[in-house]
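Peer 1: Following this line is query-v3.cif, made up of mmCIF, C-alpha atoms:
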data_entry
#
loop_
_atom_site.group_PDB
_atom_site.id
_atom_site.type_symbol
_atom_site.label_atom_id
_atom_site.label_comp_id
_atom_site.auth_asym_id
_atom_site.auth_seq_id
_atom_site.Cartn_x
_atom_site.Cartn_y
_atom_site.Cartn_z
ATOM 1 C CA LEU A 1 0.000 0.000 0.000
ATOM 2 C CA GLN A 2 1.127 3.529 -0.698
ATOM 3 C CA LEU A 3 -0.415 6.995 -0.362
ATOM 4 C CA GLU A 4 -0.103 9.625 -3.065
ATOM 5 C CA LEU A 5 -0.777 13.368 -2.684
ATOM 6 C CA GLN A 6 -1.458 15.393 -5.807
ATOM 7 C CA VAL A 7 -1.400 19.199 -5.689
ATOM 8 C CA TYR A 8 -2.867 20.745 -8.830
ATOM 9 C CA ARG A 9 -1.918 24.106 -10.333
ATOM 10 C CA HIS A 10 -4.446 26.849 -10.889
ATOM 11 C CA VAL A 11 -5.726 26.547 -14.444
ATOM 12 C CA ASP A 12 -7.206 29.309 -16.560
ATOM 13 C CA PRO A 13 -9.850 28.650 -17.849
ATOM 14 C CA PRO A 14 -10.993 26.702 -14.754
ATOM 15 C CA VAL A 15 -11.397 22.932 -14.947
ATOM 16 C CA GLU A 16 -14.336 21.031 -13.494
ATOM 17 C CA GLY A 17 -14.111 20.769 -9.694
ATOM 18 C CA GLN A 18 -11.411 23.417 -9.368
ATOM 19 C CA GLU A 19 -13.578 25.399 -6.931
ATOM 20 C CA ALA A 20 -13.593 22.387 -4.556
ATOM 21 C CA GLY A 21 -9.842 22.463 -4.019
ATOM 22 C CA ASP A 22 -6.387 22.119 -5.427
ATOM 23 C CA CYS A 23 -5.335 18.742 -4.030
ATOM 24 C CA ALA A 24 -6.393 15.101 -3.934
ATOM 25 C CA VAL A 25 -5.255 11.945 -2.134
ATOM 26 C CA PHE A 26 -4.831 8.541 -3.793
ATOM 27 C CA LEU A 27 -4.104 5.024 -2.553
ATOM 28 C CA TRP A 28 -2.037 2.442 -4.407
ATOM 29 C CA ALA A 29 -2.761 -1.221 -3.627
ATOM 30 C CA CYS A 30 -1.765 -4.549 -5.158
ATOM 31 C CA LYS A 31 -3.914 -6.447 -7.619
ATOM 32 C CA GLY A 32 -6.902 -8.180 -6.064
ATOM 33 C CA ALA A 33 -7.138 -5.970 -2.965
ATOM 34 C CA ASN A 34 -10.768 -5.036 -2.331
ATOM 35 C CA LEU A 35 -10.820 -2.179 0.192
ATOM 36 C CA VAL A 36 -13.338 -0.002 1.991
ATOM 37 C CA TYR A 37 -11.388 2.942 3.365
ATOM 38 C CA LYS A 38 -11.271 6.643 4.180
ATOM 39 C CA LEU A 39 -8.662 8.984 2.758
ATOM 40 C CA GLY A 40 -7.995 12.238 4.527
ATOM 41 C CA LEU A 41 -6.050 15.424 4.118
ATOM 42 C CA GLY A 42 -5.940 17.552 7.263
ATOM 43 C CA ASN A 43 -9.522 17.578 8.558
ATOM 44 C CA LYS A 44 -11.139 16.686 5.201
ATOM 45 C CA ILE A 45 -12.051 12.995 4.814
ATOM 46 C CA GLN A 46 -13.718 10.998 2.050
ATOM 47 C CA HIS A 47 -15.134 7.463 2.236
ATOM 48 C CA LEU A 48 -14.141 5.188 -0.700
ATOM 49 C CA GLU A 49 -14.563 1.582 -1.853
ATOM 50 C CA LYS A 50 -12.537 -0.046 -4.627
ATOM 51 C CA LYS A 51 -11.204 -3.329 -5.986
ATOM 52 C CA PHE A 52 -7.666 -2.536 -7.153
ATOM 53 C CA ASN A 53 -6.055 -3.837 -10.332
ATOM 54 C CA GLY A 54 -2.482 -3.054 -9.212
ATOM 55 C CA ARG A 55 -1.764 -0.711 -12.125
ATOM 56 C CA VAL A 56 -3.406 2.574 -11.083
ATOM 57 C CA PRO A 57 -4.227 4.289 -7.783
ATOM 58 C CA TYR A 58 -7.736 5.192 -6.669
ATOM 59 C CA GLY A 59 -8.657 8.172 -4.572
ATOM 60 C CA THR A 60 -10.557 11.348 -3.996
ATOM 61 C CA PRO A 61 -11.520 13.988 -6.482
ATOM 62 C CA ARG A 62 -10.268 17.476 -5.612
ATOM 63 C CA LEU A 63 -10.762 17.347 -1.859
ATOM 64 C CA CYS A 64 -9.730 20.712 -0.441
ATOM 65 C CA PHE A 65 -7.240 23.544 -0.691
ATOM 66 C CA PHE A 66 -3.708 22.560 0.241
ATOM 67 C CA GLN A 67 -2.865 25.758 2.148
ATOM 68 C CA ASP A 68 -5.999 25.487 4.337
ATOM 69 C CA GLN A 69 -4.940 22.084 5.719
ATOM 70 C CA ILE A 70 -1.387 22.929 6.786
ATOM 71 C CA ASN A 71 -0.887 22.978 10.565
ATOM 72 C CA ARG A 72 0.627 26.441 11.129
ATOM 73 C CA GLU A 73 2.156 25.540 14.512
ATOM 74 C CA ASP A 74 4.579 22.921 13.203
ATOM 75 C CA ASP A 75 4.225 23.413 9.414
ATOM 76 C CA THR A 76 2.935 19.880 8.774
ATOM 77 C CA LEU A 77 0.251 18.352 6.624
ATOM 78 C CA VAL A 78 -1.494 15.147 7.725
ATOM 79 C CA VAL A 79 -2.386 12.695 4.939
ATOM 80 C CA SER A 80 -4.291 9.711 6.317
ATOM 81 C CA ALA A 81 -5.850 6.394 5.349
ATOM 82 C CA GLU A 82 -8.253 4.484 7.580
ATOM 83 C CA PHE A 83 -9.031 0.924 6.491
ATOM 84 C CA LEU A 84 -12.550 -0.129 7.376
ATOM 85 C CA GLU A 85 -12.666 -3.419 5.506
ATOM 86 C CA ALA A 86 -10.168 -5.372 3.427
ATOM 87 C CA ILE A 87 -10.638 -8.491 1.336
ATOM 88 C CA LYS A 88 -7.552 -9.932 -0.331
ATOM 89 C CA ASP A 89 -7.533 -12.971 -2.602
ATOM 90 C CA LEU A 90 -4.229 -14.574 -3.584
ATOM 91 C CA GLU A 91 -4.079 -17.296 -6.204
ATOM 92 C CA ALA A 92 -1.095 -19.617 -6.352
ATOM 93 C CA PRO A 93 -0.559 -22.631 -8.628
ATOM 94 C CA ILE A 94 0.084 -25.946 -6.918
ATOM 95 C CA GLN A 95 3.657 -26.948 -7.638
ATOM 96 C CA LYS A 96 5.517 -30.173 -7.189
ATOM 97 C CA ALA A 97 7.502 -30.214 -3.950
ATOM 98 C CA ASP A 98 11.222 -29.592 -4.317
ATOM 99 C CA PRO A 99 13.309 -31.634 -4.059
ATOM 100 C CA THR A 100 11.094 -34.204 -5.727
ATOM 101 C CA PRO A 101 10.319 -36.935 -3.197
ATOM 102 C CA LEU A 102 11.379 -40.463 -4.148
ATOM 103 C CA ASP A 103 8.793 -42.992 -5.081
ATOM 104 C CA TRP A 104 7.190 -44.365 -1.883
ATOM 105 C CA ARG A 105 8.264 -47.918 -2.723
ATOM 106 C CA MET A 106 11.915 -46.883 -2.945
ATOM 107 C CA THR A 107 11.572 -45.193 0.424
ATOM 108 C CA LEU A 108 10.165 -48.375 1.961
ATOM 109 C CA GLN A 109 12.950 -50.513 0.476
ATOM 110 C CA ARG A 110 15.675 -48.123 1.667
ATOM 111 C CA GLU A 111 14.263 -48.269 5.196
ATOM 112 C CA GLY A 112 14.282 -52.093 5.061
ATOM 113 C CA LEU A 113 10.500 -52.413 5.152
ATOM 114 C CA PRO A 114 8.701 -55.065 3.065
ATOM 115 C CA VAL A 115 7.487 -54.064 -0.366
ATOM 116 C CA GLY A 116 4.729 -56.087 -2.050
ATOM 117 C CA GLU A 117 5.792 -58.501 -4.833
ATOM 118 C CA GLU A 118 3.618 -56.662 -7.327
ATOM 119 C CA HIS A 119 5.998 -53.711 -7.117
ATOM 120 C CA LEU A 120 9.199 -55.706 -7.732
ATOM 121 C CA ASN A 121 10.673 -56.126 -11.185
ATOM 122 C CA GLY A 122 12.886 -58.822 -12.641
ATOM 123 C CA SER A 123 14.580 -61.870 -11.267
ATOM 124 C CA ASN A 124 16.848 -60.044 -8.846
ATOM 125 C CA GLY A 125 13.926 -58.422 -6.977
ATOM 126 C CA SER A 126 15.093 -54.902 -7.773
ATOM 127 C CA LEU A 127 12.617 -52.061 -7.548
ATOM 128 C CA LYS A 128 11.151 -50.534 -10.657
ATOM 129 C CA ILE A 129 9.711 -47.047 -10.473
ATOM 130 C CA GLU A 130 6.288 -47.332 -12.006
ATOM 131 C CA ASP A 131 4.649 -44.410 -13.666
ATOM 132 C CA GLY A 132 2.081 -42.931 -11.343
ATOM 133 C CA PRO A 133 -0.801 -40.607 -12.070
ATOM 134 C CA LEU A 134 0.056 -37.284 -13.658
ATOM 135 C CA PRO A 135 -0.011 -34.295 -11.301
ATOM 136 C CA ILE A 136 -3.256 -32.355 -11.291
ATOM 137 C CA GLU A 137 -2.998 -28.813 -12.588
ATOM 138 C CA SER A 138 -4.796 -26.577 -10.121
ATOM 139 C CA ASN A 139 -4.550 -23.430 -8.067
ATOM 140 C CA ILE A 140 -5.006 -22.641 -4.404
ATOM 141 C CA ILE A 141 -6.876 -19.449 -3.573
ATOM 142 C CA TYR A 142 -6.132 -17.834 -0.234
ATOM 143 C CA SER A 143 -8.720 -15.340 0.983
ATOM 144 C CA GLN A 144 -8.227 -12.882 3.832
ATOM 145 C CA HIS A 145 -11.120 -10.736 5.084
ATOM 146 C CA ILE A 146 -10.501 -8.038 7.690
ATOM 147 C CA ASN A 147 -13.437 -5.984 8.973
ATOM 148 C CA ASN A 148 -12.426 -3.044 11.183
ATOM 149 C CA ARG A 149 -15.899 -1.544 11.137
ATOM 150 C CA LEU A 150 -17.686 -4.532 12.680
ATOM 151 C CA LEU A 151 -18.000 -2.909 16.118
ATOM 152 C CA ASP A 152 -19.504 0.254 14.590
ATOM 153 C CA GLN A 153 -21.950 -1.825 12.547
ATOM 154 C CA VAL A 154 -23.044 -3.800 15.620
ATOM 155 C CA LYS A 155 -23.488 -0.589 17.657
ATOM 156 C CA GLU A 156 -25.607 0.913 14.885
ATOM 157 C CA HIS A 157 -27.882 -2.154 14.766
ATOM 158 C CA VAL A 158 -28.208 -2.206 18.561
ATOM 159 C CA GLU A 159 -29.238 1.476 18.499
ATOM 160 C CA GLN A 160 -31.820 0.717 15.808
ATOM 161 C CA MET A 161 -33.207 -2.137 17.894
ATOM 162 C CA ARG A 162 -33.367 0.096 20.984
ATOM 163 C CA SER A 163 -35.195 2.827 19.085
ATOM 164 C CA ARG A 164 -37.824 0.309 17.975
ATOM 165 C CA THR A 165 -38.605 -0.645 21.561
ATOM 166 C CA VAL A 166 -39.256 2.959 22.688
ATOM 167 C CA ARG A 167 -42.858 3.638 23.765
ATOM 168 C CA CYS A 168 -42.609 7.298 24.684
ATOM 169 C CA VAL A 169 -40.673 10.110 22.988
ATOM 170 C CA GLU A 170 -39.941 13.496 24.499
ATOM 171 C CA TRP A 171 -38.531 16.323 22.415
ATOM 172 C CA ARG A 172 -36.739 18.989 24.394
ATOM 173 C CA VAL A 173 -36.681 22.302 22.541
ATOM 174 C CA GLU A 174 -33.989 24.704 23.737
ATOM 175 C CA GLN A 175 -34.681 28.463 23.895
ATOM 176 C CA ALA A 176 -38.385 27.949 23.303
ATOM 177 C CA SER A 177 -39.231 31.599 24.031
ATOM 178 C CA MET A 178 -37.445 32.626 20.797
ATOM 179 C CA LEU A 179 -39.348 30.209 18.533
ATOM 180 C CA ARG A 180 -41.837 32.806 17.271
ATOM 181 C CA ARG A 181 -38.988 35.058 16.137
ATOM 182 C CA CYS A 182 -37.095 32.204 14.416
ATOM 183 C CA PHE A 183 -40.001 30.718 12.480
ATOM 184 C CA PRO A 184 -42.340 32.862 10.414
ATOM 185 C CA PRO A 185 -46.051 31.952 10.394
ATOM 186 C CA GLY A 186 -46.677 28.758 8.434
ATOM 187 C CA ASP A 187 -43.132 27.367 8.861
ATOM 188 C CA ALA A 188 -42.514 24.256 10.931
ATOM 189 C CA MET A 189 -39.661 22.925 13.031
ATOM 190 C CA CYS A 190 -38.932 19.174 12.848
ATOM 191 C CA SER A 191 -37.351 16.849 15.379
ATOM 192 C CA LYS A 192 -34.600 14.358 14.588
ATOM 193 C CA ASP A 193 -35.755 11.112 12.988
ATOM 194 C CA PHE A 194 -36.748 8.235 15.225
ATOM 195 C CA SER A 195 -38.431 4.868 14.637
#
What does the file become when written as structure tokens?
Peer 2:
Amino acid sequence: LQLELQVYRHVDPPVEGQEAGDCAVFLWACKGANLVYKLGLGNKIQHLEKKFNGRVPYGTPRLCFFQDQINREDDTLVVSAEFLEAIKDLEAPIQKADPTPLDWRMTLQREGLPVGEEHLNGSNGSLKIEDGPLPIESNIIYSQHINNRLLDQVKEHVEQMRSRTVRCVEWRVEQASMLRRCFPPGDAMCSKDFS
């Protein structure tokens, strides 16, 4: 994995998105990495999801203005990546073990163990290596799944379940004496959503 920061020059005539900022953050990852992540620059953060091909990075559009995100106290800029979920599949061909193991019958004979007559060749009882089955051409796929947002997802579902069991709702309105001045006749004020 690797982070990339791009700072764009001011272009005249303006390009699309130029008013949003002059910099963007990108993440490079190897082929097959499927990531859910957040990229950040200073206090600006964007949530992203991508399956990488290993040839190009993936990141934010113009996120913010570079100069606005510099910490003036120590003249630093924080570029961040938070990985919420990662799925990585690796495919590897099955290969013959090296060094090639001897035929099992030769191993038995060398250790002085009996070998069945059907495996012996000739009058002197010497061992003949018989052709065995051809190796199977196949691949092993390793899959790794890391979920760093599981706790947040569980908390969210627990909160949803709690809100469904509520029988009574009270809405506390702060500075109620100023409501008439804040809302013209015919306008309404709404509470936060609840189930």
Peer 1: Hey, which of A:Pro61, A:Ile45, A:Leu35, A:Asp89 ends up closest to Glu19 (chain A)? Count all atoms listed in the file.
Peer 2: A:Pro61
Peer 1: Using the chain letters and numbers from the file, give me the residues hit by the PyMOL selection byres ((chain A and resi 27) around 8), as a list in words.
Peer 2: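 Output from the PyMOL selection byres ((chain A and resi 27) around 8), applied to this file: Leu1, Gln2, Leu3, Glu4, Val25, Phe26, Trp28, Ala29, Pro57, Tyr58 and Gly59 of chain A.
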Peer 1: Go ahead and compute the interatomic distance for CA of Leu84 (chain A) and CA of Asn139 (chain A), in Å to one decimal.
Peer 2: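 CA of Leu84 (chain A) sits 29.1 Å away from CA of Asn139 (chain A).
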Peer 1: Rank nothing, just name the residue among A:His145, A:Arg172, A:Lys44, A:Arg9 nearest to Gln69 (chain A), using all atoms listed in the file.
Peer 2: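 Between A:His145, A:Arg172, A:Lys44, A:Arg9, the residue approaching Gln69 (chain A) most closely is A:Lys44.
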Peer 1: Care to translate the PyMOL selection byres ((chain A and resi 144) around 6) into actual residues of this file, as a VMD selection string?
Peer 2: chain A and resid 87 to 88 143 145
Peer 1: If you apply the PyMOL selection byres ((chain A and resi 149) around 10) to this file, what residues do you get, as number ranges by chain?
Peer 2: A: 36, 83-85, 146-148, 150-154
Peer 1: Store the residues picked out above in a file with C-alpha atoms, as a PDB file, keeping the file's coordinate frame.
Peer 2:
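Below is the file that was written, again39.pdb:
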ATOM      1  CA  VAL A  36     -13.338  -0.002   1.991  1.00  0.00           C
ATOM      2  CA  PHE A  83      -9.031   0.924   6.491  1.00  0.00           C
ATOM      3  CA  LEU A  84     -12.550  -0.129   7.376  1.00  0.00           C
ATOM      4  CA  GLU A  85     -12.666  -3.419   5.506  1.00  0.00           C
ATOM      5  CA  ILE A 146     -10.501  -8.038   7.690  1.00  0.00           C
ATOM      6  CA  ASN A 147     -13.437  -5.984   8.973  1.00  0.00           C
ATOM      7  CA  ASN A 148     -12.426  -3.044  11.183  1.00  0.00           C
ATOM      8  CA  LEU A 150     -17.686  -4.532  12.680  1.00  0.00           C
ATOM      9  CA  LEU A 151     -18.000  -2.909  16.118  1.00  0.00           C
ATOM     10  CA  ASP A 152     -19.504   0.254  14.590  1.00  0.00           C
ATOM     11  CA  GLN A 153     -21.950  -1.825  12.547  1.00  0.00           C
ATOM     12  CA  VAL A 154     -23.044  -3.800  15.620  1.00  0.00           C
TER      13      VAL A 154
END
Peer 1: Residues proximal to (-11.3, 21.2, -3.3) were defined as those with any atom within 10 Å of that point in the file's coordinates, counting all atoms listed in the file. Which are they, as a PyMOL selection string?
Peer 2: chain A and resi 17-24+44+60-66
Peer 1: Report, in Å to a single decimal, how far apart CA of Leu5 (chain A) and CA of Glu73 (chain A) are.
Peer 2: 21.3 Å
Peer 1: Between CA of Asn34 (chain A) and CA of Val78 (chain A), what is the spacing in Å?
Peer 2: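 CA of Asn34 (chain A) lies 24.4 Å from CA of Val78 (chain A).
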